[in-house]
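Visitor: Mind looking over this structure? Questions follow.
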Amino acid sequence: NSITGQWTNDTTFSRLIDAGNPATPYFSEPSPNGQRINIGAYGGTGQASHSPTGGWFTVVSYYDGGSVQGEVTLNWIAGGEALGHLVSIDWSPVGDLAWTNIVTDIPASQGTITWNTVGFGRAACGKWRVVSQNNTNYYDTSKDCITLRDETGSIPYYVNDSSVTGDVFCTAIGNSLNSGLLPSDPVNSIQQIINTYKLEPVDIIYVDTGLYLLTDSVSIGDLDSGAGTNRITVQGSTNRLSSGTVLDRQVNAGGTSVIRLENVSGLTFRDLVLRGGDSGVFLQNVEDITFSRVTALLNGQYGFNMNFSQNVDIQNSVIRRNGSITNGSGIRLSFSAATLINSVVWDNFNGVDINAGGLNVSNSVLGSSYDGGRIYYVGALSDVTAVNGDYNNYIAQAGATLAEREKTTGGNDYYQYLQDWVFASSQDSNSLSHQPLFFDSNNGDFSLLSQSGRFLPNGSITNDAFTSPMIDTGNPSSIFTNEVSPNGSRINIGNQGNSTIASLSMTNPWLLALSYN
């Protein structure tokens, strides 16, 4: 009813019609009045808008989104002939794309149910609806995303580039207009997932095979943290033959980074290549972060740049060719503590630069081959005990030195040979200084040569003329059971140690000299 007293018909109807208290008198509202008062200024008056004819439903609970877990009350309003119908209540974990029934045969006039969400998993953008079983044209659906946080399971998100070639997670190309909630509906950037959804522990972002050219850092802040073993994971492609998932920042300077983490904890990054930033990863005030099978490559200053960060674990990873021929480091620690396990730090001017903090390192290969470069550079705020290592392999060549410790006065200390380093640091007594015999380190393949067998990217095995001294020389107490037999019952040194693609062990007896090699 307009203010002139004339009636008009609209293309839609307000959700406040017939949504008032059922016990409130409605008789002053003109017919059709749905036999229920409207909400608002004209409810219960002669100017009240007419109720729809036929049948209709209005979703009440979580219409504009929210977060649910456990037992949840779902309310709706039925009107017109739909009041006498039976209804079904449905849930979709991905918008309105995949409906699952919650309950059927509920009288529409009941207007409410209690839903036990346990068993419906987790969802980032779910919706619920009420549908007439007598006439499916009568229904209503919640409008905005509902987050379901059941006790088990993760919420998966999907990112893809502009191709499905070599993909392992997605069935369609990425698009910024997609939801990112299904393999068939991926977005085209990790940042879109982070900005759109609230990540929670055990959630996973799947980033499929391809090259992602970044115009800004992938930035994760304090609103997206995991906890303990319930971590948030960014999972790249495992397709080695198609070069996996490559994130390229394209800048190599200016304080940029490929991935930037600040004030977060409980994150895991797997199977990613990070290149083209000033740093591959910049970490500020973070803790409990894991990088597994990550390659930091061709970044302008640092592969990993850590500031005031703790419990950063780098596993089965490769950090190479970061910085220039005169400066830069594979890993930089400033008031930070990290662990390097079964990794390769190779062809950086400095392998590890410890301004202040500490590094635990084992089963890893570290090498520098630049004149004036060092595998370890220890700043004046620390001493050689900042490195806690054993069962590693060190190669300093072409004018590089194994370690240098900066002193405030009297000149720096240099450790050219492994035994000098062992004596000064009381570490690495079981470490080696052998040529590691990688297959093709110049092109980033750090597979160990093996006469018994080396895995190719396509999964087949080839036999080499030589066997790497890194095979079966890792820490005897380290787990090796993921290595395919024959595995020598001992872990390999290097980034493929204790993995299903580790080079095979020799089957004949062998000996290897350790000290003073």
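Identifiers in the structure tokens: chain A, B, ... in order shown; residue index from 1 per chain; ligand index from 1 in order shown.
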Would you list the contacts of segment 342-355 of chain A as a PyMOL selection string, taking every protein, DNA or RNA residue within 8 Å and counting only C-alpha atoms, but skipping same-chain residues closer than 5 positions in sequence?
Guide: chain A and resi 314-335+362-370+372-382+386+446+493-497
Visitor: Contacts of segment 476-484 of chain A at 10 Å or less, counting only C-alpha atoms, minus same-chain residues fewer than 2 places along, as an MDAnalysis selection string?
Guide: chainID A and resid 362:363 391 472:474 486:492 496:505
Visitor: What parts of segment 263-491 of chain A does DSSP call alpha helix (DSSP H)? I'd like the answer as JSON, numbers by chain.
Guide: {"A": [418, 419, 420, 421, 422, 423, 424, 425]}
Visitor: Determine, counting only C-alpha atoms, which protein, DNA and RNA residues have an atom within 9 Å of an atom of Pro183 of chain A; residues of the same chain fewer than 3 positions away are not included. Present the result as a PyMOL selection string.
Guide: chain A and resi 157-159+169-172+180+186
Visitor: Identify, on the basis of only C-alpha atoms, every residue whose closest approach to segment 263-269 of chain A does not exceed 8 Å; exclude the query and any residue fewer than 5 positions from it along the same chain; express the result as a ChimeraX atom specification.
Guide: /A:201,220-236,284-292,294
Visitor: Report as a Markdown table: every residue of segment 112-196 of chain A with an atom at most 9 Å from segment 75-99 of chain A, its closest pair of atoms, and their distance in Å to one decimal, counting only C-alpha atoms, with rows sorted by chain and ascending residue number.
Guide:
| residue | atom | partner | partner_atom | distance |
| --- | --- | --- | --- | --- |
| A:Thr112 | CA | A:Asn75 | CA | 4.3 |
| A:Ile113 | CA | A:Asn75 | CA | 6.8 |
| A:Thr114 | CA | A:Asn75 | CA | 8.9 |
| A:Phe120 | CA | A:Pro93 | CA | 8.4 |
| A:Gly121 | CA | A:Pro93 | CA | 8.4 |
| A:Arg122 | CA | A:Pro93 | CA | 7.5 |
| A:Ala123 | CA | A:Pro93 | CA | 5.0 |
| A:Ala124 | CA | A:Pro93 | CA | 7.2 |
| A:Cys125 | CA | A:Val94 | CA | 5.5 |
| A:Gly126 | CA | A:Pro93 | CA | 4.1 |
| A:Lys127 | CA | A:Ser92 | CA | 5.4 |
| A:Trp128 | CA | A:Trp91 | CA | 4.5 |
| A:Arg129 | CA | A:Asp90 | CA | 5.4 |
| A:Val130 | CA | A:Ile89 | CA | 4.8 |
| A:Val131 | CA | A:Val87 | CA | 5.4 |
| A:Ser132 | CA | A:Val87 | CA | 4.4 |
| A:Gln133 | CA | A:Val87 | CA | 5.1 |
| A:Asn134 | CA | A:His85 | CA | 6.0 |
| A:Asn135 | CA | A:His85 | CA | 8.3 |
| A:Tyr138 | CA | A:Ala82 | CA | 7.3 |
| A:Tyr139 | CA | A:Val87 | CA | 8.9 |
| A:Asp140 | CA | A:Trp76 | CA | 8.8 |
| A:Thr141 | CA | A:Asp96 | CA | 8.4 |
| A:Asp144 | CA | A:Gly95 | CA | 8.4 |
| A:Cys145 | CA | A:Gly95 | CA | 7.0 |
| A:Ile146 | CA | A:Pro93 | CA | 8.5 |
| A:Thr147 | CA | A:Pro93 | CA | 8.5 |
| A:Leu148 | CA | A:Pro93 | CA | 8.0 |
| A:Ser179 | CA | A:Val94 | CA | 8.4 |
| A:Leu181 | CA | A:Val94 | CA | 6.3 |
| A:Leu182 | CA | A:Val94 | CA | 7.5 |
Visitor: Enter the distance from atom CA of Ser67 of chain A to atom CA of Tyr197 of chain A, in Å, rounded to one decimal.
Guide: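 Here the two named atoms are 11.9 Å from each other.
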Visitor: Quick one: everything within 8 Å of Asn299 of chain A, counting only C-alpha atoms, minus sequence neighbours fewer than 6 positions away in the same chain. Send it as a list in words.
Guide: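 Once the nearby chain positions are removed, what remains is Asn252, Arg275, Gly276, Gly277, Asp278, Ser279, Gly280, Arg321, Asn322 and Gly323 of chain A.
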Visitor: Write out as an NGL selection string all residues of segment 149-389 of chain A that backbone DSSP assigns to strand (DSSP E).
Guide: :A and (149 or 156-159 or 204-207 or 210-213 or 218-220 or 232-235 or 245-248 or 257-262 or 265-275 or 279-284 or 287-297 or 302-307 or 310-315 or 318-320 or 329-341 or 344-346 or 350-362 or 365-368 or 374-378 or 387-389)
Visitor: One decimal, in Å: what's the spacing between atom CA of Ile461 of chain A and atom CA of Gly244 of chain A?
Guide: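 Here the two named atoms are 19.8 Å from each other.
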Visitor: Residues within 10 Å of Asp445 of chain A, please, as a PyMOL selection string. Count only C-alpha atoms; anything in the same chain fewer than 3 positions from it doesn't count.
Guide: chain A and resi 318+438-442+448+456-457
